[in-house]
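Each remark here refers to the structure printed beneath this line.
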Amino acid sequence: MATVLILLGPPGAGKGTQASRLAAERSLPHVSTGDLFRENLSQGTDVGKRAQEFMDAGKLVPDEIVLEMLFDRVARPDCARGYVLDGFPRTLPQAEALQARLPADDEVRAISLEVDDEVVVRRLSGRLTCSKGGHMHHVDFSPPKVAGVCDTCGGELVRRKDDAPEVIQERLAVYREQTAPLIGYYEGLGLLHRIDGAQEPDRVFAELVDAATATRRETA
Ligand code: AP5
Ligand code: MG
């Protein structure tokens with residue numbers, strides 16, 4: 001039996017920040033489809049080339065590309081005990097494909113990090129992403145000790161191309177239209193927890209750990 005923890009939330013909700021902490025705490029791999037696409041992009045793979053135009057425009061990469069990449073990743077031995085999903089699923093067909101693939105005795109929890117648009121814009125316009133380990137910093141909320149250098153691994157901190165103001169607005173619109181309906185989908189399955197993602201990071205993390213360990217009956 002595996003544990004599958006799904007982090008839902010708009011761009012900038014803190015999915016990456018919190019998923020990496022939760023994965024470390026639970027000794028499970030952190031599987032981020034956004035990070036997998038960015039890795040493919042930097043390695044110049046076919047998947048990376050096919051995803052780039054969608055990512056740069058703030059649109060979703062087509063489901064068939066995402067599903068193939070994701071299912072390949074979670075079939076690896078390190079995912080046998082479970083994994084933390086960040087940025088997947090993002091459409092109803094992706095969620096249905098995941099549910100159909102999971103064995104019936106897997107523990108699934110979907111946790112929605114809820115933040116409003118104003119918070120998203122503030123966070124993403126100041127975000128600094130580590131180009132080596134994917135760690136997050138923010139110019140105001142978590143500035144690095146040395147400018148341009150990741151505190152965790154010493155990698156170079158960069159601004160993501162899709163954090164440009166007009167792309168942030170497009171990502172928010174795409175989220176509302178295509179991803180927000182998943183909250184109702186998981187609620188209907190009795191698997192949903194909601195967390196106020198606008199709280200300070202340690203508070204969000206404490207609530208996330210509680211939600212991730214709650215029994216299935218408590219989630220209904
Ligand atoms: P992806 O990389 O998943 O981006 P996203 O969902 O837009 O989310 P972000 O990574 O921007 O935000 P986050 O929630 O991880 O927040 P973070 O922790 O960084 O996807 C990118 C693209 O890939 C998509 O647009 C699409 O094209 C494609 N893609 C990926 N998956 C796909 C899929 N399944 N289907 C189709 N296409 C797909 O935090 C943000 C900032 O806030 C940081 O600076 C952080 O330090 C700060 N922060 C975090 N928490 C707090 C807090 N509590 N208080 C203050 N500051 C905080
Ligand atoms: Mg992220």
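Note on naming: chains are A, B, ... as they come in the structure tokens, residues start from 1 per chain, ligands start from 1 in the order shown.
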
Query raised in the report: Which chains and residue numbers are within 10 Å of ligand 2, counting only C-alpha atoms and all ligand atoms, if I want them as a PyMOL selection string?
Result: chain A and resi 9-20+32-35+86-87+129+134-136

Restrict the selected residues to N, CA and C atoms and save them as a PDB file, in the first residue's frame.
```pdb
ATOM      1  N   GLY A   9      -3.516  23.794  -5.649  1.00  0.00           N
ATOM      2  CA  GLY A   9      -3.489  25.230  -5.321  1.00  0.00           C
ATOM      3  C   GLY A   9      -3.038  26.023  -6.517  1.00  0.00           C
ATOM      4  N   PRO A  10      -3.394  27.311  -6.547  1.00  0.00           N
ATOM      5  CA  PRO A  10      -3.017  28.155  -7.683  1.00  0.00           C
ATOM      6  C   PRO A  10      -1.506  28.344  -7.759  1.00  0.00           C
ATOM      7  N   PRO A  11      -1.018  28.902  -8.866  1.00  0.00           N
ATOM      8  CA  PRO A  11       0.399  29.256  -8.939  1.00  0.00           C
ATOM      9  C   PRO A  11       0.746  30.128  -7.736  1.00  0.00           C
ATOM     10  N   GLY A  12       1.890  29.857  -7.135  1.00  0.00           N
ATOM     11  CA  GLY A  12       2.322  30.696  -6.012  1.00  0.00           C
ATOM     12  C   GLY A  12       1.679  30.350  -4.685  1.00  0.00           C
ATOM     13  N   ALA A  13       0.869  29.303  -4.635  1.00  0.00           N
ATOM     14  CA  ALA A  13       0.205  28.933  -3.383  1.00  0.00           C
ATOM     15  C   ALA A  13       1.203  28.414  -2.348  1.00  0.00           C
ATOM     16  N   GLY A  14       2.384  27.985  -2.825  1.00  0.00           N
ATOM     17  CA  GLY A  14       3.383  27.412  -1.914  1.00  0.00           C
ATOM     18  C   GLY A  14       3.495  25.907  -2.075  1.00  0.00           C
ATOM     19  N   LYS A  15       2.998  25.371  -3.190  1.00  0.00           N
ATOM     20  CA  LYS A  15       3.027  23.912  -3.400  1.00  0.00           C
ATOM     21  C   LYS A  15       4.457  23.384  -3.376  1.00  0.00           C
ATOM     22  N   GLY A  16       5.341  24.023  -4.131  1.00  0.00           N
ATOM     23  CA  GLY A  16       6.728  23.564  -4.201  1.00  0.00           C
ATOM     24  C   GLY A  16       7.428  23.685  -2.856  1.00  0.00           C
ATOM     25  N   THR A  17       7.262  24.842  -2.215  1.00  0.00           N
ATOM     26  CA  THR A  17       7.885  25.097  -0.907  1.00  0.00           C
ATOM     27  C   THR A  17       7.461  24.023   0.090  1.00  0.00           C
ATOM     28  N   GLN A  18       6.167  23.764   0.167  1.00  0.00           N
ATOM     29  CA  GLN A  18       5.644  22.848   1.181  1.00  0.00           C
ATOM     30  C   GLN A  18       5.833  21.380   0.782  1.00  0.00           C
ATOM     31  N   ALA A  19       5.717  21.082  -0.518  1.00  0.00           N
ATOM     32  CA  ALA A  19       5.857  19.675  -0.950  1.00  0.00           C
ATOM     33  C   ALA A  19       7.251  19.177  -0.646  1.00  0.00           C
ATOM     34  N   SER A  20       8.244  20.023  -0.812  1.00  0.00           N
ATOM     35  CA  SER A  20       9.602  19.537  -0.573  1.00  0.00           C
ATOM     36  C   SER A  20       9.815  19.277   0.927  1.00  0.00           C
ATOM     37  N   SER A  32       7.221  16.848  -8.887  1.00  0.00           N
ATOM     38  CA  SER A  32       6.627  18.080  -9.408  1.00  0.00           C
ATOM     39  C   SER A  32       6.667  18.028 -10.930  1.00  0.00           C
ATOM     40  N   THR A  33       5.496  18.073 -11.563  1.00  0.00           N
ATOM     41  CA  THR A  33       5.495  18.028 -13.033  1.00  0.00           C
ATOM     42  C   THR A  33       6.154  19.288 -13.605  1.00  0.00           C
ATOM     43  N   GLY A  34       5.975  20.432 -12.939  1.00  0.00           N
ATOM     44  CA  GLY A  34       6.641  21.653 -13.415  1.00  0.00           C
ATOM     45  C   GLY A  34       8.160  21.481 -13.392  1.00  0.00           C
ATOM     46  N   ASP A  35       8.682  20.940 -12.270  1.00  0.00           N
ATOM     47  CA  ASP A  35      10.137  20.722 -12.175  1.00  0.00           C
ATOM     48  C   ASP A  35      10.604  19.706 -13.218  1.00  0.00           C
ATOM     49  N   ASP A  86       3.089  17.514  -6.719  1.00  0.00           N
ATOM     50  CA  ASP A  86       3.049  18.985  -6.716  1.00  0.00           C
ATOM     51  C   ASP A  86       2.824  19.441  -8.160  1.00  0.00           C
ATOM     52  N   GLY A  87       1.658  20.041  -8.417  1.00  0.00           N
ATOM     53  CA  GLY A  87       1.373  20.523  -9.781  1.00  0.00           C
ATOM     54  C   GLY A  87       0.736  19.464 -10.661  1.00  0.00           C
ATOM     55  N   THR A 129      14.121  31.350  -7.761  1.00  0.00           N
ATOM     56  CA  THR A 129      14.144  29.888  -7.808  1.00  0.00           C
ATOM     57  C   THR A 129      15.575  29.404  -7.995  1.00  0.00           C
ATOM     58  N   GLY A 134      16.106  23.621  -7.241  1.00  0.00           N
ATOM     59  CA  GLY A 134      14.686  23.980  -7.270  1.00  0.00           C
ATOM     60  C   GLY A 134      14.175  24.609  -5.972  1.00  0.00           C
ATOM     61  N   HIS A 135      15.082  24.925  -5.008  1.00  0.00           N
ATOM     62  CA  HIS A 135      14.639  25.509  -3.733  1.00  0.00           C
ATOM     63  C   HIS A 135      14.097  26.920  -3.947  1.00  0.00           C
ATOM     64  N   MET A 136      13.203  27.348  -3.040  1.00  0.00           N
ATOM     65  CA  MET A 136      12.550  28.657  -3.210  1.00  0.00           C
ATOM     66  C   MET A 136      13.087  29.706  -2.265  1.00  0.00           C
TER      67      MET A 136
END
```

Near Met1 in chain A, within 9 Å and counting only C-alpha atoms, which residues show up once chain neighbours fewer than 5 positions away are dropped, as an mmCIF file with N, CA and C atoms, in the first residue's frame?
```cif
data_model
loop_
_atom_site.group_PDB
_atom_site.id
_atom_site.type_symbol
_atom_site.label_atom_id
_atom_site.label_comp_id
_atom_site.auth_asym_id
_atom_site.auth_seq_id
_atom_site.Cartn_x
_atom_site.Cartn_y
_atom_site.Cartn_z
ATOM 1 N N ALA A 80 7.644 3.429 -4.717
ATOM 2 C CA ALA A 80 6.863 2.242 -4.333
ATOM 3 C C ALA A 80 6.080 2.455 -3.033
ATOM 4 N N ARG A 81 6.639 3.227 -2.064
ATOM 5 C CA ARG A 81 5.939 3.477 -0.789
ATOM 6 C C ARG A 81 4.996 4.665 -0.873
ATOM 7 N N GLY A 82 5.083 5.389 -1.987
ATOM 8 C CA GLY A 82 4.238 6.563 -2.155
ATOM 9 C C GLY A 82 5.046 7.748 -2.623
ATOM 10 N N PRO A 103 -3.813 1.577 -7.229
ATOM 11 C CA PRO A 103 -4.453 0.414 -6.605
ATOM 12 C C PRO A 103 -5.466 0.877 -5.553
ATOM 13 N N ALA A 104 -6.545 0.094 -5.369
ATOM 14 C CA ALA A 104 -7.648 0.517 -4.492
ATOM 15 C C ALA A 104 -7.202 0.731 -3.044
ATOM 16 N N ASP A 105 -6.141 0.030 -2.604
ATOM 17 C CA ASP A 105 -5.764 0.187 -1.191
ATOM 18 C C ASP A 105 -4.747 1.308 -0.963
ATOM 19 N N ASP A 106 -4.377 2.057 -1.990
ATOM 20 C CA ASP A 106 -3.489 3.203 -1.768
ATOM 21 C C ASP A 106 -4.228 4.271 -0.952
ATOM 22 N N GLU A 107 -3.474 4.937 -0.057
ATOM 23 C CA GLU A 107 -4.037 6.055 0.710
ATOM 24 C C GLU A 107 -3.836 7.320 -0.108
#
```

Query raised in the report: Do you know which residues are at most 8 Å from Ala110 in chain A counting only C-alpha atoms, after dropping those on the same chain fewer than 3 positions away, and could you put them as number ranges by chain?
Result: A: 5-8, 186, 191-193

What are the closest atom pairs, with distances in Å to one decimal, for each residue of range 142-218 of chain A lying within 12 Å of range 38-52 of chain A, using only C-alpha atoms, rows by chain and rising residue number, as a Markdown table?
```
| residue | atom | partner | partner_atom | distance |
| --- | --- | --- | --- | --- |
| A:Arg160 | CA | A:Arg38 | CA | 10.0 |
| A:Lys161 | CA | A:Gln52 | CA | 10.7 |
| A:Asp162 | CA | A:Gln52 | CA | 10.6 |
```

Restrict the selected residues to N, CA and C atoms and save them as a tab-separated table (two decimals), in the first residue's frame.
```tsv
chain	number	residue	atom	x	y	z
A	160	ARG	N	11.93	32.85	-12.71
A	160	ARG	CA	11.33	31.99	-13.74
A	160	ARG	C	10.71	32.84	-14.84
A	161	LYS	N	10.86	32.37	-16.08
A	161	LYS	CA	10.35	33.10	-17.23
A	161	LYS	C	8.83	33.32	-17.14
A	162	ASP	N	8.13	32.32	-16.57
A	162	ASP	CA	6.67	32.45	-16.49
A	162	ASP	C	6.22	33.24	-15.26
```

Query raised in the report: Just asking: which residues within range 7-211 of chain A are strand (DSSP E) according to DSSP, as a PyMOL selection string?
Result: chain A and resi 7-8+30-32+82-86+107-114+127-130+136-138+157-158+192-196

Report summary line: In terms of only C-alpha atoms and all ligand atoms, the residue from A:Glu68, A:Glu207, A:Glu177, A:Asp163 at minimal distance from ligand 1 is A:Asp163

**Report entry** Contact residues around Arg123 in chain A with only C-alpha atoms at 9 Å, ignoring same-chain residues under 3 positions, as an NGL selection string
**Finding:** :A and (12-14 or 118-120 or 126-127 or 138 or 140-141)

Go ahead and write the selection's residues with N, CA, C and O atoms as a PDB file, in the first residue's frame.
```pdb
ATOM      1  N   GLY A  12       1.890  29.857  -7.135  1.00  0.00           N
ATOM      2  CA  GLY A  12       2.322  30.696  -6.012  1.00  0.00           C
ATOM      3  C   GLY A  12       1.679  30.350  -4.685  1.00  0.00           C
ATOM      4  O   GLY A  12       1.940  31.003  -3.677  1.00  0.00           O
ATOM      5  N   ALA A  13       0.869  29.303  -4.635  1.00  0.00           N
ATOM      6  CA  ALA A  13       0.205  28.933  -3.383  1.00  0.00           C
ATOM      7  C   ALA A  13       1.203  28.414  -2.348  1.00  0.00           C
ATOM      8  O   ALA A  13       0.913  28.373  -1.159  1.00  0.00           O
ATOM      9  N   GLY A  14       2.384  27.985  -2.825  1.00  0.00           N
ATOM     10  CA  GLY A  14       3.383  27.412  -1.914  1.00  0.00           C
ATOM     11  C   GLY A  14       3.495  25.907  -2.075  1.00  0.00           C
ATOM     12  O   GLY A  14       4.056  25.225  -1.212  1.00  0.00           O
ATOM     13  N   GLU A 118      -4.192  38.291  -5.018  1.00  0.00           N
ATOM     14  CA  GLU A 118      -3.266  39.360  -4.620  1.00  0.00           C
ATOM     15  C   GLU A 118      -1.991  38.775  -3.998  1.00  0.00           C
ATOM     16  O   GLU A 118      -0.868  39.214  -4.286  1.00  0.00           O
ATOM     17  N   VAL A 119      -2.171  37.731  -3.178  1.00  0.00           N
ATOM     18  CA  VAL A 119      -1.029  37.055  -2.543  1.00  0.00           C
ATOM     19  C   VAL A 119      -0.180  36.380  -3.622  1.00  0.00           C
ATOM     20  O   VAL A 119       1.053  36.454  -3.604  1.00  0.00           O
ATOM     21  N   VAL A 120      -0.839  35.735  -4.567  1.00  0.00           N
ATOM     22  CA  VAL A 120      -0.133  35.046  -5.662  1.00  0.00           C
ATOM     23  C   VAL A 120       0.775  36.028  -6.399  1.00  0.00           C
ATOM     24  O   VAL A 120       1.967  35.752  -6.619  1.00  0.00           O
ATOM     25  N   GLY A 126       8.137  38.246  -6.706  1.00  0.00           N
ATOM     26  CA  GLY A 126       9.385  38.352  -5.946  1.00  0.00           C
ATOM     27  C   GLY A 126      10.110  37.028  -5.800  1.00  0.00           C
ATOM     28  O   GLY A 126      11.098  36.925  -5.073  1.00  0.00           O
ATOM     29  N   ARG A 127       9.618  36.000  -6.474  1.00  0.00           N
ATOM     30  CA  ARG A 127      10.198  34.664  -6.272  1.00  0.00           C
ATOM     31  C   ARG A 127      11.586  34.540  -6.906  1.00  0.00           C
ATOM     32  O   ARG A 127      11.843  35.000  -8.012  1.00  0.00           O
ATOM     33  N   HIS A 138      12.496  34.244  -1.708  1.00  0.00           N
ATOM     34  CA  HIS A 138      11.661  35.372  -2.123  1.00  0.00           C
ATOM     35  C   HIS A 138      12.390  36.637  -1.705  1.00  0.00           C
ATOM     36  O   HIS A 138      12.941  36.694  -0.601  1.00  0.00           O
ATOM     37  N   ASP A 140      11.444  39.409  -0.541  1.00  0.00           N
ATOM     38  CA  ASP A 140      11.012  40.001   0.733  1.00  0.00           C
ATOM     39  C   ASP A 140      10.770  38.947   1.809  1.00  0.00           C
ATOM     40  O   ASP A 140      11.149  39.132   2.959  1.00  0.00           O
ATOM     41  N   PHE A 141      10.097  37.817   1.445  1.00  0.00           N
ATOM     42  CA  PHE A 141       9.631  36.873   2.467  1.00  0.00           C
ATOM     43  C   PHE A 141      10.703  35.877   2.903  1.00  0.00           C
ATOM     44  O   PHE A 141      10.668  35.390   4.037  1.00  0.00           O
TER      45      PHE A 141
END
```

Report task. Considering only C-alpha atoms, state which residue in the set A:Leu60, A:Leu124, A:Ala147, A:Leu113 is at the smallest distance from Tyr175 in chain A. Result ->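 Counting only C-alpha atoms, the residue closest to Tyr175 in chain A is A:Leu60.
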
Query raised in the report: So, counting only C-alpha atoms and all ligand atoms, which residue among A:Gln199, A:Val158, A:Asp151, A:Arg194 is closest to ligand 1?
Result: A:Gln199

Query - A:Gln178, A:Asp210, A:Pro77, A:Ala2 ranked by distance to Asp63 in chain A, top pick (using only C-alpha atoms) - result: A:Gln178
